[in-house]
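So the structure is just underneath, and the comments pick up after that.
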Amino acid sequence: MLLQEYQVNWPKDFTEIKKILIDANQGIKIAIEHVGSTSVPELPAKPIIDMDVIFYEVSDFEKIKSRLETLGYYHNGDQGIEGREVFKRRANNDHQVIDTIRHHLYVCHHQSRELKKHLLFRDYLRNNPNARSRYAKIKYELAEKAYQDKNIYALLKEQGVNDFINKCIKKQESKHGK
C-alpha cells in the first residue's frame with residue numbers, strides 16, 4: 001500500500017535525522033522542522049519523513065550545502081518550487097540512520113513562502129481534526145485512483161489538493177492574524 005496509517009515512530013525517526021543534521025551544521029544558525037503528513041498525528045502518509053532545514057543568513061546556504069554534501073547529499077535545485085531547495089542522497093551510502101530512514105530533505109530560508117506554507121498547513125491539520133479527517137479521505141481516494149502508484153499519486157495530489165491546502169493555509173493565517 002502507498003499510504004500507511006500514522007506510525008508512532010515517525011517523530012522519533014525525524015529526531016534521529018535532525019540530530020545528525022544539527023551536528024553536521026555546528027556553528028550555523030539553523031532550525032529543522034518536521035513537515036508533511038508524517039508530522040501530523042493520526043494522519044495517514046507515505047512512510048517518508050519530510051524535513052525543512054531553515055537558515056537565517058543567505059550566505060549560510062553554501063555552507064549548509066557543503067556540509068550536507070559531506071553526509072552524501074547532493075543539491076537537486078528547487079525542482080520548480082521557489083524558496084525550497086531539494087537535497088537527495090547518493091546511492092550506495094552506508095550511514096546507519098540517514099540511509100535507513102526514508103526522508104525528503106529541503107533547505108529553506110526562514111522567510112521563504114514555501115516554508116511558511118509547510119508550517120501553516122502542518123499546524124492547521126494538527127489542530128483541526130475535521131480538516132485532518134477530510135485530508136486523509138482525499139489522500140486515500142487519490143491513492144486508489146492512482147492504483148497505489150507513487151508517481152501517479154504525486155501527480156494527482158498536486159492537481160487535486162492544492163485548493164484544499166490553500167484554504168487550510170488561509171484559515172491558519174487568519175487565525176494568527178497574518
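So you can find residues: chains in the C-alpha cells are A, B, ... in the order shown, residues in each start at 1, and ligands are numbered from 1 in order.
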May I have the residues within 12 Å of stretch 164-170 of chain A as an MDAnalysis selection string, using only C-alpha atoms and disregarding those fewer than 5 positions away in the same chain? chainID A and resid 36 113:128 130:132 134:136 138:139 157:159 175:178
Backbone DSSP call of helix (DSSP H, G or I) for chain A, listed as an MDAnalysis selection string: chainID A and resid 10:24 37:39 60:70 113:127 129:145 150:160 162:175
Which polymer residues have any atom within 12 Å of an atom of A:Arg102, counting only C-alpha atoms, with same-chain residues fewer than 5 positions away left out, as a PyMOL selection string? chain A and resi 10+13-14+16-17+38+46-51+88-89+96-97
Using only C-alpha atoms: which of A:Ile28, A:Ala146, A:Leu156, A:Ile20 has the shortest distance to A:Ile98: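 Checking each candidate against A:Ile98, we get A:Ile20 as the closest.
Here atom CA of A:Gln4 stands at a distance of 5.3 Å from atom CA of A:Pro44.
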Could you write out, as a ChimeraX atom specification, all the residues of stretch 2-154 of chain A that DSSP marks as strand (DSSP E or B)? /A:4,30-35,45,49-55,73-75,85-89,103-109
